[in-house]
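Novice: See run.txt below, with compact mmCIF, C-alpha atoms.
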```txt
# COMPACT_ATOMS: atom_id res chain seq x y z
CA MET A 1 7.57 3.04 7.51
CA ALA A 2 4.96 4.29 9.95
CA ALA A 3 6.19 2.16 12.86
CA PRO A 4 8.31 4.84 14.61
CA PHE A 5 5.25 7.05 15.14
CA ASP A 6 2.19 4.80 14.81
CA ASN A 7 2.05 2.85 18.06
CA MET A 8 -1.72 2.34 17.88
CA SER A 9 -1.82 -0.14 15.00
CA GLY A 10 -0.53 -3.67 14.76
CA PHE A 11 0.36 -5.69 11.68
CA GLU A 12 1.36 -9.16 10.58
CA MET A 13 3.16 -10.09 7.35
CA ASN A 14 4.51 -13.33 5.93
CA ALA A 15 7.87 -13.48 4.17
CA THR A 16 9.93 -16.05 2.29
CA ARG A 17 13.25 -16.02 0.44
CA PHE A 18 13.64 -17.40 -3.07
CA GLN A 19 16.56 -16.88 -5.48
CA ASP A 20 18.05 -14.04 -3.40
CA SER A 21 14.77 -12.12 -3.29
CA ILE A 22 12.50 -11.74 -0.28
CA PHE A 23 8.78 -11.93 -1.01
CA ILE A 24 6.46 -10.31 1.53
CA GLU A 25 2.67 -10.31 1.74
CA GLU A 26 0.09 -9.32 4.31
CA ASN A 27 -1.08 -12.10 6.61
CA HIS A 28 -4.65 -12.28 5.36
CA GLU A 29 -5.95 -14.32 8.31
CA HIS A 30 -4.70 -11.70 10.77
CA LYS A 31 -6.21 -8.89 8.70
CA LEU A 32 -9.63 -10.54 8.59
CA GLU A 33 -9.54 -11.26 12.32
CA SER A 34 -8.48 -7.67 13.12
CA ARG A 35 -11.29 -6.32 10.97
CA LYS A 36 -13.76 -8.65 12.67
CA GLN A 37 -12.66 -7.48 16.12
CA GLN A 38 -12.79 -3.85 15.06
CA HIS A 39 -16.35 -4.14 13.79
CA ALA A 40 -17.40 -6.07 16.90
CA GLN A 41 -16.34 -3.26 19.25
CA PRO A 42 -19.33 -1.32 20.57
CA SER A 43 -19.50 2.31 19.50
CA ARG A 44 -19.47 5.13 22.00
CA PRO A 45 -22.95 6.40 22.91
CA GLY A 46 -24.15 8.62 20.08
CA ALA A 47 -21.19 7.74 17.83
CA PRO A 48 -21.66 6.01 14.44
CA SER A 49 -20.73 2.34 14.09
CA GLN A 50 -17.64 1.12 12.25
CA ASP A 51 -19.86 -0.39 9.55
CA LEU A 52 -21.64 2.92 8.99
CA MET A 53 -18.39 4.89 8.76
CA SER A 54 -17.02 2.34 6.27
CA TYR A 55 -20.15 2.84 4.21
CA TRP A 56 -19.63 6.62 4.27
CA GLY A 57 -16.15 6.15 2.82
CA TYR A 58 -17.36 3.89 0.02
CA LYS A 59 -20.27 6.25 -0.68
CA PHE A 60 -17.79 9.11 -1.04
CA GLU A 61 -15.86 7.06 -3.61
CA THR A 62 -19.06 6.20 -5.49
CA LEU A 63 -20.07 9.85 -5.76
CA SER A 64 -16.55 10.97 -6.72
CA LEU A 65 -15.80 8.45 -9.47
CA ILE A 66 -17.07 7.67 -12.96
CA PRO A 67 -16.19 4.55 -14.97
CA ASP A 68 -14.60 6.39 -17.90
CA GLN A 69 -13.40 9.84 -18.92
CA TRP A 70 -15.96 12.64 -18.56
CA ASP A 71 -16.84 12.94 -22.25
CA MET A 72 -17.17 9.14 -22.56
CA THR A 73 -19.65 8.85 -19.67
CA SER A 74 -23.36 9.36 -20.23
CA ARG A 75 -25.11 12.30 -18.66
CA GLU A 76 -27.66 9.88 -17.18
CA PHE A 77 -24.94 8.03 -15.25
CA ILE A 78 -23.34 11.24 -14.00
CA GLU A 79 -26.64 12.66 -12.74
CA ASP A 80 -27.75 9.35 -11.21
CA ARG A 81 -24.58 8.68 -9.18
CA GLU A 82 -26.39 9.25 -5.88
CA ASN A 83 -28.47 6.15 -6.59
CA VAL A 84 -25.60 3.85 -7.63
CA VAL A 85 -25.25 0.79 -5.38
CA VAL A 86 -22.21 1.22 -3.13
CA ASP A 87 -19.49 -1.44 -3.20
CA ASN A 88 -15.71 -1.67 -2.80
CA TYR A 89 -15.06 -4.08 -5.67
CA GLY A 90 -13.78 -1.79 -8.41
CA GLN A 91 -10.16 -0.71 -8.03
CA TYR A 92 -6.86 -0.21 -9.80
CA CYS A 93 -3.58 -1.86 -8.86
CA SER A 94 -0.37 0.15 -8.97
CA VAL A 95 2.81 -1.91 -9.42
CA VAL A 96 5.93 0.13 -8.72
CA LYS A 97 9.65 -0.57 -9.00
CA THR A 98 11.38 1.59 -6.43
CA GLY A 99 13.96 1.53 -3.69
CA ILE A 100 14.54 2.64 -0.11
CA GLY A 101 18.15 2.98 0.97
CA LYS A 102 20.10 0.03 -0.44
CA THR A 103 17.00 -2.11 -0.97
CA LYS A 104 15.33 -2.42 -4.37
CA MET A 105 11.65 -3.27 -4.28
CA VAL A 106 8.68 -4.11 -6.46
CA ILE A 107 5.46 -3.13 -4.68
CA GLY A 108 1.83 -3.72 -5.64
CA GLY A 109 -1.17 -2.08 -4.01
CA GLU A 110 -4.75 -0.94 -4.52
CA VAL A 111 -5.42 2.59 -5.81
CA ASP A 112 -8.79 4.33 -6.02
CA ALA A 113 -8.76 6.34 -9.22
CA LEU A 114 -7.11 8.12 -12.14
CA TRP A 115 -7.13 11.90 -12.40
CA ASP A 116 -7.33 11.82 -16.21
CA CYS A 117 -6.25 8.77 -18.24
CA LYS A 118 -3.41 6.27 -18.44
CA PRO A 119 -0.43 7.52 -20.51
CA GLU A 120 0.29 5.79 -23.81
CA ASN A 121 3.95 5.38 -22.82
CA ARG A 122 4.04 2.75 -20.06
CA ASP A 123 7.19 4.31 -18.60
CA ASP A 124 5.46 7.64 -17.93
CA PRO A 125 4.04 8.23 -14.43
CA ILE A 126 0.33 7.69 -13.92
CA ASN A 127 -1.77 10.40 -12.28
CA TRP A 128 -3.24 8.16 -9.60
CA VAL A 129 -5.60 9.61 -6.99
CA GLU A 130 -6.44 8.32 -3.54
CA LEU A 131 -9.79 9.23 -1.97
CA LYS A 132 -9.98 9.50 1.82
CA THR A 133 -12.51 10.71 4.37
CA SER A 134 -11.98 12.24 7.79
CA ALA A 135 -14.07 13.90 10.46
CA GLU A 136 -14.11 17.68 10.37
CA ILE A 137 -11.43 19.24 12.60
CA ALA A 138 -12.93 21.17 15.49
CA ASN A 139 -10.18 21.19 18.15
CA ASP A 140 -6.59 20.15 18.93
CA LYS A 141 -7.66 16.57 19.70
CA ASP A 142 -9.24 16.29 16.25
CA MET A 143 -6.08 17.72 14.71
CA LEU A 144 -3.91 15.07 16.37
CA LYS A 145 -6.21 12.34 15.05
CA TYR A 146 -6.05 13.82 11.57
CA GLU A 147 -2.25 14.00 11.63
CA ARG A 148 -2.12 10.30 12.54
CA LYS A 149 -4.33 9.65 9.53
CA LEU A 150 -2.08 11.79 7.35
CA LEU A 151 0.86 9.55 8.25
CA LYS A 152 -0.96 6.50 6.86
CA PHE A 153 -2.24 8.46 3.84
CA TRP A 154 1.30 9.62 3.03
CA VAL A 155 3.02 6.23 3.47
CA GLN A 156 0.51 4.41 1.27
CA SER A 157 0.57 6.98 -1.54
CA PHE A 158 4.33 7.64 -1.32
CA LEU A 159 5.18 3.95 -1.79
CA LEU A 160 2.71 3.38 -4.66
CA GLY A 161 3.64 6.52 -6.59
CA VAL A 162 0.30 8.26 -6.04
CA PRO A 163 0.83 12.02 -6.48
CA LYS A 164 -2.52 13.32 -5.21
CA ILE A 165 -4.87 12.61 -2.31
CA ILE A 166 -8.36 14.09 -2.04
CA VAL A 167 -9.78 14.21 1.48
CA GLY A 168 -13.50 14.60 2.08
CA PHE A 169 -14.18 16.14 5.49
CA ARG A 170 -17.49 15.06 6.99
CA SER A 171 -19.64 16.04 9.90
CA HIS A 172 -20.18 13.63 12.79
CA ASN A 173 -23.41 12.66 11.05
CA GLY A 174 -21.59 11.71 7.86
CA ILE A 175 -22.49 14.78 5.79
CA LEU A 176 -19.73 15.97 3.44
CA GLN A 177 -18.59 19.47 4.46
CA ARG A 178 -15.63 20.25 2.20
CA LEU A 179 -12.86 18.79 0.03
CA GLU A 180 -9.13 19.26 0.29
CA GLU A 181 -6.57 18.26 -2.35
CA LEU A 182 -3.15 17.26 -1.04
CA GLU A 183 0.04 16.69 -3.00
CA THR A 184 1.58 13.56 -1.51
CA LYS A 185 5.11 14.97 -1.56
CA ASN A 186 4.01 18.03 0.48
CA ILE A 187 2.32 16.19 3.34
CA PRO A 188 5.41 15.77 5.61
CA GLY A 189 6.15 19.49 5.25
CA ILE A 190 2.55 20.41 6.09
CA VAL A 191 2.68 18.34 9.28
CA LYS A 192 6.04 19.81 10.27
CA LYS A 193 5.29 23.47 9.55
CA GLN A 194 1.54 23.87 9.98
CA GLY A 195 0.45 20.97 12.17
CA LYS A 196 1.48 19.58 15.52
CA GLY A 197 4.67 17.97 14.16
CA THR A 198 3.70 14.54 15.47
CA TRP A 199 5.75 12.64 12.87
CA ASP A 200 8.71 13.11 10.55
CA GLY A 201 8.81 11.75 7.00
CA ASN A 202 12.60 11.54 6.76
CA LEU A 203 12.80 9.50 9.93
CA CYS A 204 10.14 7.12 8.55
CA ILE A 205 12.16 6.58 5.36
CA ASN A 206 15.46 6.11 7.23
CA PHE A 207 13.85 3.65 9.63
CA ALA A 208 12.39 1.63 6.73
CA ALA A 209 15.80 1.56 4.99
CA ALA A 210 17.55 0.29 8.14
CA PHE A 211 14.83 -2.26 8.85
CA LEU A 212 14.96 -3.68 5.31
CA ASP A 213 18.76 -3.99 5.53
CA TRP A 214 18.37 -5.90 8.78
CA LEU A 215 15.63 -8.07 7.25
CA LYS A 216 17.89 -9.12 4.36
CA GLN A 217 20.54 -10.22 6.85
CA THR A 218 17.98 -12.11 8.95
CA ILE A 219 15.98 -14.01 6.31
CA THR A 220 18.78 -16.00 4.71
CA THR A 221 17.04 -19.35 4.05
CA ASP A 222 13.75 -20.55 2.62
CA GLY A 223 10.76 -21.36 4.80
CA VAL A 224 8.04 -18.97 5.91
CA TRP A 225 8.80 -16.14 8.31
CA ARG A 226 6.37 -14.00 10.27
CA LEU A 227 6.84 -10.26 10.79
CA ARG A 228 4.63 -9.05 13.59
CA ARG A 229 3.91 -6.01 15.66
CA THR A 230 1.09 -6.10 18.21
CA GLU A 231 -0.95 -3.02 19.00
CA ARG A 232 0.80 -0.49 21.27
CA SER A 233 4.03 -2.52 21.21
CA PRO A 234 7.40 -0.81 20.59
CA VAL A 235 8.84 -4.05 19.14
CA ILE A 236 8.69 -5.59 15.66
CA GLU A 237 9.08 -9.36 15.99
CA ILE A 238 10.34 -11.79 13.35
CA PHE A 239 10.33 -15.54 13.70
CA LYS A 240 10.23 -18.62 11.48
CA ASN A 241 6.75 -20.03 11.08
CA GLU A 242 7.51 -22.90 8.66
CA GLU A 243 10.93 -24.53 8.32
CA SER A 244 10.83 -25.14 4.58
CA GLY A 245 8.93 -24.25 1.42
CA TYR A 246 7.31 -20.96 0.51
CA GLY A 247 3.86 -21.35 2.09
CA ASP A 248 1.09 -19.71 0.10
CA ILE A 249 3.27 -16.73 -0.74
CA LEU A 250 4.65 -18.22 -3.96
CA SER A 251 2.66 -20.51 -6.23
CA ARG A 252 4.15 -23.76 -7.51
CA GLU A 253 3.78 -22.48 -11.08
CA PHE A 254 5.78 -19.35 -10.28
CA VAL A 255 8.61 -21.32 -8.63
CA GLU A 256 8.81 -23.73 -11.59
CA TRP A 257 8.80 -20.83 -14.06
CA ARG A 258 11.63 -19.05 -12.27
CA ASN A 259 13.65 -22.25 -11.95
CA GLY A 260 13.12 -22.86 -15.68
CA MET A 261 14.40 -19.36 -16.44
CA ASP A 262 17.54 -20.07 -14.41
CA ALA A 263 18.09 -23.34 -16.26
CA ASN A 264 17.76 -21.59 -19.63
CA GLU A 265 20.16 -18.85 -18.56
CA ALA A 266 22.68 -21.48 -17.46
CA VAL A 267 22.49 -23.15 -20.89
CA VAL A 268 22.98 -19.79 -22.61
CA GLU A 269 25.96 -18.89 -20.41
CA ALA A 270 27.56 -22.30 -21.06
CA ALA A 271 27.10 -21.82 -24.81
CA LYS A 272 28.68 -18.37 -24.58
CA ALA A 273 31.64 -19.79 -22.69
CA ARG A 274 32.19 -22.53 -25.31
CA LEU A 275 31.95 -19.95 -28.08
CA MET A 276 34.56 -17.73 -26.40
CA ASP A 277 36.88 -20.73 -25.95
CA THR A 278 36.58 -21.52 -29.66
CA ILE A 279 37.28 -17.91 -30.64
CA ASN A 280 40.32 -17.75 -28.35
CA GLN A 281 41.73 -21.01 -29.73
CA GLU A 282 41.30 -19.82 -33.33
CA THR A 283 42.92 -16.50 -32.46
CA CYS A 284 45.90 -18.27 -30.98
```
Now, as a test, write the supplied structure out as structure tokens.
Specialist:
Amino acid sequence: MAAPFDNMSGFEMNATRFQDSIFIEENHEHKLESRKQQHAQPSRPGAPSQDLMSYWGYKFETLSLIPDQWDMTSREFIEDRENVVVDNYGQYCSVVKTGIGKTKMVIGGEVDALWDCKPENRDDPINWVELKTSAEIANDKDMLKYERKLLKFWVQSFLLGVPKIIVGFRSHNGILQRLEELETKNIPGIVKKQGKGTWDGNLCINFAAAFLDWLKQTITTDGVWRLRRTERSPVIEIFKNEESGYGDILSREFVEWRNGMDANEAVVEAAKARLMDTINQETC
């Protein structure tokens, strides 16, 4: 979705087709290598390292979150949050059934927090919250950087059904300066009306719809396909990486389970057909 406007970032995904559905996952090896290269880059003189800025983000989450609702959390834990060991292990996973254009999708992704509590009715929307950090905005250059971040914030939360994003603005020394609450649905309008207008949400959605239509026409057989865009490239590549099978995208147990479901459905349909034939003969 971000590809029309985000020419700084690259990505790699693996895809396979099974029973008329395309399954897509991130290429984990590429992600780990990209992260390794990013952290290996030397920082500008006087600038914080990538590791330190990552720690600031996780520290912000640690200070912002509690493990249960407010009245179920001890006062000791709440007051001692500054001393809690920082880690990125705890998380929620939002699984969403949605669609873009003519394509129906089931998407899963990591989410930081709940605003209140999970609804008793599983069909009701969940008040997810994403926590983000960004450097304080001091000039037009900072504003352009922030708008590029807002594009990624919006795409992630839009797809996973996250209604609210809380941004912690920090100083260049990592000290929290202020908080800003953003409604996910309002972010494209904010960029268009109040910002520099560096991206357009409708164009992102339309591009994603067209790309997914093209993808369905391209991946027509099994095997493992690679979707790739290198940094600063205007082209999204797709090529076959493995001629057959499903790679590590689908487990053997999942494939057998789905094939078993199909076999059971075939038996049921055959039984229905025989029953209808019997009814028709008796009617005649």
Novice: Which residue is closest to A:Gly168? Choose from A:Arg81, A:Arg17, A:Lys59, A:Lys97 and count all atoms listed in the file.
Specialist: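 Using all atoms listed in the file, A:Gly168 sits closest to A:Lys59.
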Novice: Choose the residue, out of A:Lys152, A:Lys216, A:Arg44, A:His30, that has the smallest atom-to-atom separation from A:Met8; count only C-alpha atoms.
Specialist: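 Ranking A:Lys152, A:Lys216, A:Arg44, A:His30 by distance to A:Met8, first place goes to A:Lys152.
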Novice: What is the atom CA of A:Glu231-atom CA of A:Tyr146 distance in Å, reported with one decimal?
Specialist: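 Atom-to-atom, atom CA of A:Glu231 to atom CA of A:Tyr146, that is 19.1 Å.
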Novice: Out of A:Lys141, A:Lys164, A:Arg228, A:His172, which residue has the shortest atom-to-atom distance to A:Thr184 when counting all atoms listed in the file?
Specialist: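 Nearest to A:Thr184: A:Lys164.
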Novice: With all atoms listed in the file as the basis for distance, which of A:Lys185, A:Lys196, A:Arg252, A:Lys31 is at the shortest distance from A:Ser9?
Specialist: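 Nearest candidate to A:Ser9 out of A:Lys185, A:Lys196, A:Arg252, A:Lys31: A:Lys31.
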Novice: Quote the spacing between atom CA of A:Asn186 and atom CA of A:Lys132 in Å to one decimal place.
Specialist: 16.4 Å
Novice: Which polymer residues, whether protein, DNA or RNA, lie within 8 Å of the coordinate (-14.8, 3.1, -3.4) when you count all atoms listed in the file? List them as a list in words, using the chain letters and numbers from the file.
Specialist: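 The answer, in the requested form, is Gly57, Tyr58, Lys59, Phe60, Glu61, Thr62, Val86, Asp87, Asn88, Tyr89, Gly90, Gln91 and Asp112 of chain A.
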Novice: Which of these, A:Pro234, A:Gly189, A:Gly101, A:Pro45, has the shortest distance to A:Leu212 once you count all atoms listed in the file?
Specialist: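 When distances to A:Leu212 are compared using all atoms listed in the file, the smallest one comes from A:Gly101.
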Novice: Please indicate the distance in Å from atom CA of A:Arg226 to atom CA of A:Glu147, rounded to one decimal place.
Specialist: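 Atom-to-atom, atom CA of A:Arg226 to atom CA of A:Glu147, that is 29.3 Å.
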Novice: Rank A:Val85, A:Ile24, A:Leu159, A:Ile238 by their smallest atom-to-atom distance to A:Ile100, using only C-alpha atoms, and report the top residue only.
Specialist: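 Counting only C-alpha atoms, the residue closest to A:Ile100 is A:Leu159.
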